[in-house]
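J.: Data: my_file00.txt, compact mmCIF, C-alpha atoms.
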# COMPACT_ATOMS: atom_id res chain seq x y z
CA ALA A 16 11.45 -226.44 129.31
CA VAL A 17 11.71 -225.88 125.56
CA ALA A 18 14.22 -223.08 126.13
CA LEU A 19 16.35 -225.39 128.25
CA PHE A 20 16.31 -228.07 125.58
CA ILE A 21 17.28 -225.59 122.86
CA ASP A 22 20.04 -224.11 124.98
CA ALA A 23 21.26 -227.64 125.68
CA GLY A 24 21.59 -228.30 121.96
CA MET A 25 18.21 -229.65 120.83
CA ASP A 26 17.77 -229.42 117.06
CA PRO A 27 15.21 -226.59 116.63
CA ASN A 28 14.18 -228.15 113.32
CA THR A 29 12.93 -231.33 114.98
CA LYS A 30 9.60 -232.57 113.55
CA ASN A 31 6.75 -234.42 115.23
CA ASP A 32 5.22 -237.61 113.84
CA ARG A 33 3.08 -235.54 111.45
CA GLY A 34 6.13 -233.90 109.96
CA GLU A 35 5.52 -230.53 111.63
CA PRO A 36 8.59 -228.66 112.94
CA VAL A 37 8.28 -227.54 116.55
CA LEU A 38 7.73 -223.86 115.73
CA MET A 39 5.11 -224.70 113.10
CA TRP A 40 3.30 -226.92 115.61
CA ALA A 41 3.44 -224.15 118.23
CA ILE A 42 1.97 -221.56 115.87
CA MET A 43 -0.69 -223.92 114.51
CA ASN A 44 -1.80 -224.66 118.07
CA SER A 45 -1.45 -221.11 119.44
CA LYS A 46 1.35 -222.09 121.83
CA TRP A 47 2.69 -218.54 121.86
CA PRO A 48 5.11 -218.85 124.81
CA VAL A 49 6.82 -221.68 122.91
CA ALA A 50 6.83 -219.70 119.66
CA GLU A 51 8.34 -216.68 121.43
CA ILE A 52 11.33 -218.79 122.48
CA PHE A 53 12.10 -219.54 118.84
CA PHE A 54 11.49 -215.95 117.74
CA LYS A 55 13.77 -214.47 120.40
CA ARG A 56 16.57 -216.94 119.70
CA GLY A 57 16.12 -216.75 115.93
CA VAL A 58 16.22 -220.53 115.60
CA GLY A 59 14.01 -223.02 113.80
CA LEU A 60 12.49 -220.25 111.68
CA ASP A 61 13.18 -221.98 108.39
CA ALA A 62 12.30 -225.54 109.38
CA GLN A 63 10.29 -227.28 106.67
CA ASN A 64 7.55 -229.88 106.94
CA ASN A 65 7.30 -233.02 104.83
CA GLU A 66 6.12 -230.95 101.85
CA GLU A 67 9.13 -228.65 102.34
CA GLU A 68 6.85 -225.81 103.41
CA THR A 69 8.32 -223.35 105.90
CA ILE A 70 6.47 -221.70 108.75
CA LEU A 71 6.48 -218.49 106.72
CA MET A 72 4.76 -220.29 103.84
CA TRP A 73 2.17 -221.80 106.18
CA THR A 74 1.34 -218.42 107.73
CA ALA A 75 1.06 -216.98 104.20
CA GLN A 76 -1.43 -219.69 103.28
CA GLU A 77 -3.41 -218.96 106.44
CA ARG A 78 -3.40 -215.20 105.82
CA ARG A 79 -1.62 -214.39 109.07
CA PRO A 80 0.45 -211.29 108.31
CA ASP A 81 0.86 -210.63 112.03
CA ILE A 82 2.87 -213.83 112.43
CA MET A 83 4.59 -213.35 109.08
CA LYS A 84 5.83 -209.99 110.39
CA ARG A 85 7.33 -211.66 113.49
CA LEU A 86 9.03 -214.30 111.38
CA ILE A 87 10.48 -211.71 109.01
CA GLU A 88 11.69 -209.54 111.90
CA SER A 89 13.27 -212.61 113.51
CA GLY A 90 15.26 -213.38 110.36
CA ALA A 91 13.25 -216.02 108.49
CA ASN A 92 14.46 -216.82 104.97
CA LEU A 93 11.99 -215.22 102.56
CA ASN A 94 12.97 -217.12 99.45
CA LEU A 95 12.93 -220.84 100.22
CA ARG A 96 10.83 -223.04 97.93
CA ASP A 97 8.54 -225.94 98.79
CA GLU A 98 8.39 -229.20 96.85
CA ASN A 99 6.23 -227.52 94.19
CA GLY A 100 8.60 -224.61 93.70
CA HIS A 101 6.43 -222.12 95.58
CA THR A 102 7.83 -219.50 97.92
CA ALA A 103 6.06 -217.60 100.70
CA LEU A 104 5.41 -214.88 98.11
CA THR A 105 3.68 -217.37 95.84
CA HIS A 106 1.55 -218.59 98.74
CA THR A 107 0.36 -215.04 99.48
CA MET A 108 -0.73 -214.87 95.84
CA PHE A 109 -2.71 -218.09 96.10
CA ALA A 110 -4.28 -216.90 99.37
CA ASN A 111 -5.08 -213.49 97.84
CA ASP A 112 -3.41 -211.85 100.83
CA THR A 113 -2.32 -208.38 99.74
CA THR A 114 -1.11 -207.48 103.25
CA GLY A 115 1.20 -210.49 103.41
CA LEU A 116 2.40 -209.80 99.89
CA LYS A 117 3.26 -206.21 100.78
CA LEU A 118 5.15 -207.39 103.87
CA LEU A 119 7.30 -209.67 101.74
CA LEU A 120 7.90 -207.08 99.04
CA ASP A 121 8.80 -204.44 101.64
CA ALA A 122 11.25 -206.94 103.15
CA LYS A 123 12.84 -207.35 99.69
CA ALA A 124 11.74 -210.91 99.01
CA ASP A 125 13.10 -212.15 95.69
CA VAL A 126 10.12 -212.02 93.31
CA ASN A 127 11.93 -214.38 90.93
CA ALA A 128 12.83 -217.06 93.48
CA ASP A 129 9.74 -219.07 92.53
CA SER A 130 10.76 -219.18 88.86
CA GLY A 131 8.02 -216.77 87.82
CA ARG A 132 5.08 -218.46 89.50
CA ALA A 133 3.93 -215.30 91.31
CA LEU A 134 3.93 -213.27 88.10
CA VAL A 135 2.06 -216.00 86.22
CA ALA A 136 -0.45 -216.27 89.09
CA ALA A 137 -1.11 -212.52 88.82
CA VAL A 138 -1.61 -212.89 85.06
CA ILE A 139 -3.98 -215.83 85.49
CA ARG A 140 -5.94 -213.75 87.99
CA GLY A 141 -6.13 -210.97 85.41
CA ASP A 142 -4.86 -208.41 87.92
CA ALA A 143 -3.05 -205.73 85.91
CA SER A 144 -2.24 -203.71 89.03
CA LEU A 145 -0.62 -206.69 90.72
CA VAL A 146 1.34 -207.55 87.58
CA SER A 147 2.62 -203.97 87.56
CA THR A 148 3.53 -204.18 91.26
CA LEU A 149 5.55 -207.36 90.73
CA LEU A 150 7.34 -205.94 87.69
CA GLU A 151 8.21 -202.80 89.65
CA ALA A 152 9.55 -205.04 92.43
CA GLY A 153 11.94 -206.65 89.96
CA ALA A 154 10.01 -209.55 88.46
CA ASP A 155 11.72 -210.81 85.31
CA VAL A 156 9.12 -210.44 82.56
CA ASN A 157 10.83 -213.21 80.56
CA ILE A 158 11.45 -215.72 83.34
CA GLN A 159 10.35 -219.23 82.41
CA ILE A 160 8.69 -221.51 84.93
CA ASP A 161 10.72 -224.58 85.75
CA SER A 162 9.37 -228.09 86.41
CA GLY A 163 6.11 -228.32 88.34
CA PRO A 164 4.44 -225.17 86.99
CA ILE A 165 1.17 -223.76 88.30
CA GLN A 166 -0.26 -223.65 84.81
CA GLY A 167 0.60 -225.43 81.58
CA ASP A 168 3.97 -226.70 80.48
CA SER A 169 7.36 -225.98 81.97
CA GLY A 170 9.18 -223.15 80.26
CA ASN A 171 6.03 -221.02 80.07
CA THR A 172 6.25 -217.27 80.54
CA ALA A 173 3.74 -214.76 81.84
CA LEU A 174 3.15 -213.64 78.25
CA MET A 175 2.19 -217.16 77.22
CA SER A 176 -0.31 -217.34 80.07
CA ALA A 177 -1.80 -213.96 79.17
CA ALA A 178 -2.03 -214.96 75.50
CA SER A 179 -3.69 -218.31 76.19
CA GLY A 180 -6.06 -216.68 78.69
CA GLY A 181 -7.17 -214.05 76.20
CA ASN A 182 -6.16 -211.00 78.22
CA LEU A 183 -5.11 -208.45 75.59
CA GLU A 184 -4.56 -205.71 78.20
CA LEU A 185 -1.99 -207.82 80.02
CA VAL A 186 -0.40 -209.00 76.78
CA LYS A 187 0.17 -205.36 75.86
CA ALA A 188 1.48 -204.50 79.33
CA LEU A 189 3.95 -207.39 79.28
CA VAL A 190 5.17 -206.62 75.75
CA GLU A 191 5.62 -202.96 76.72
CA ALA A 192 7.60 -204.17 79.76
CA GLY A 193 9.99 -206.02 77.47
CA ALA A 194 8.49 -209.49 77.11
CA ASP A 195 10.13 -211.55 74.36
CA VAL A 196 7.33 -212.46 71.95
CA ASN A 197 9.29 -215.32 70.42
CA VAL A 198 10.60 -217.21 73.43
CA ARG A 199 9.60 -220.90 73.40
CA ASN A 200 8.60 -223.18 76.26
CA ASP A 201 9.92 -226.72 76.69
CA GLN A 202 7.43 -227.97 74.11
CA GLY A 203 8.62 -225.43 71.55
CA GLN A 204 5.50 -223.26 71.77
CA THR A 205 5.50 -219.48 71.72
CA ALA A 206 2.97 -216.95 73.01
CA LEU A 207 1.64 -216.72 69.46
CA ALA A 208 1.09 -220.46 69.36
CA SER A 209 -0.73 -220.21 72.71
CA ALA A 210 -2.98 -217.48 71.33
CA ASN A 211 -3.72 -219.37 68.11
CA SER A 212 -4.47 -222.67 69.83
CA ASN A 213 -6.98 -220.92 72.08
CA GLY A 214 -8.67 -218.88 69.34
CA ARG A 215 -7.32 -215.53 70.60
CA THR A 216 -7.33 -213.80 67.19
CA LYS A 217 -6.86 -210.20 68.40
CA ILE A 218 -3.95 -211.23 70.60
CA ALA A 219 -2.36 -213.21 67.78
CA ASP A 220 -2.63 -210.17 65.51
CA TYR A 221 -1.11 -207.92 68.17
CA LEU A 222 1.80 -210.30 68.73
CA ARG A 223 2.50 -210.50 65.00
CA GLU A 224 2.48 -206.70 64.83
CA HIS A 225 5.18 -206.77 67.52
CA GLY A 226 7.45 -209.24 65.79
CA ALA A 227 6.03 -212.62 66.74
CA THR A 228 6.61 -215.42 64.25
CA GLU A 229 5.20 -218.94 64.05
Go ahead and express the file in the form of structure tokens.
T.:
Amino acid sequence: AVALFIDAGMDPNTKNDRGEPVLMWAIMNSKWPVAEIFFKRGVGLDAQNNEEETILMWTAQERRPDIMKRLIESGANLNLRDENGHTALTHTMFANDTTGLKLLLDAKADVNADSGRALVAAVIRGDASLVSTLLEAGADVNIQIDSGPIQGDSGNTALMSAASGGNLELVKALVEAGADVNVRNDQGQTALASANSNGRTKIADYLREHGATE
């Protein structure tokens, strides 16, 4: 019946009274024959709920790389953002789903589409290997988070997060990757200011040695 409605022109992005698009509802409730109709026709894949989350984002949150793979293969947009500026890639970071993250990176998801949130999340986690992976995948080491950041003020960079968090290893890795030590966030603060305000003396000294000024 769903196939007939779609073929007759039904909007595949239609939402129920809870704001769930049809495909999202089908996946959430394990209605796989219904989901297969959408997958095969390549429609409704990017429908967003009331929080502007896509089905791909929801499956990332739920750590369902099997369904993520089907969505990607069916042509889902990898780089849409929800109302908080998060992409599916960001959601895999929050869910600590390395399999889902690899799927998205292998599919060439834009690692900068979330305005640096994924890179900052990796820094906050203190995961040097993941930071390296994102940089190798094209993450902009100097990208500044726009409004609605996951940590601190808008305009923050990964270096600022590493400096405020006291992670000297990551500070060094980011500087070696080309991080600008003097970029300022929307409040006019630099990574050095972040280090000083959090009592990170060794990091402050390192940043000064690499050209940071007050």
J.: Find the residues around Asp121 (chain A) up to 12 Å (all atoms listed in the file counted), leave out those fewer than 6 positions away in its own chain, and share them as a list in words.
T.: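 My reading of the contact set: Lys84, Ile87, Glu88, Leu93, Leu104, Thr113, Thr114, Gly115, Thr148, Leu149 and Ala152 of chain A.
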J.: One decimal, Å: what's the distance from CA of Lys30 (chain A) over to CA of Ile82 (chain A), could you say?
T.: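 Distance reported for this atom pair: 19.9 Å.
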J.: Counting only C-alpha atoms, which residues come within 10 Å of (3.8, -219.8, 68.7), with the point read in the file's coordinates, and could you list them as a list in words?
T.: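 Applying the cut-off with only C-alpha atoms, one gets Met175, Val196, Asn197, Val198, Arg199, Asn200, Gly203, Gln204, Thr205, Ala206, Leu207, Ala208, Ser209, Ala210, Asn211, Ser212, Ala219, Leu222, Ala227, Thr228 and Glu229 of chain A.
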J.: Restricting the calculation to all atoms listed in the file: of A:Asn65, A:Asn157, A:Ser169, A:Asn111, which residue gets closest to Gly193 (chain A)?
T.: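 For Gly193 (chain A), the nearest of the candidates is A:Asn157.
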J.: Which residues come within 12 Å of Lys55 (chain A), counting only C-alpha atoms, excluding same-chain residues fewer than 5 positions away, as a ChimeraX atom specification?
T.: /A:18,21,47-50,60,85-86,88-90
J.: Hey, what's within 7 Å of Leu38 (chain A) if we count all atoms listed in the file and toss same-chain stuff fewer than 2 positions away? As a list in words, please?
T.: Pro36, Trp40, Ala41, Ile42, Ala50, Phe53 and Gly59 of chain A
J.: Between A:Gly170, A:Gly141, A:Gly153, A:Gly181, which residue has the minimum interatomic distance to Asp201 (chain A), considering all atoms listed in the file?
T.: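 Selected residue with least distance to Asp201 (chain A): A:Gly170.
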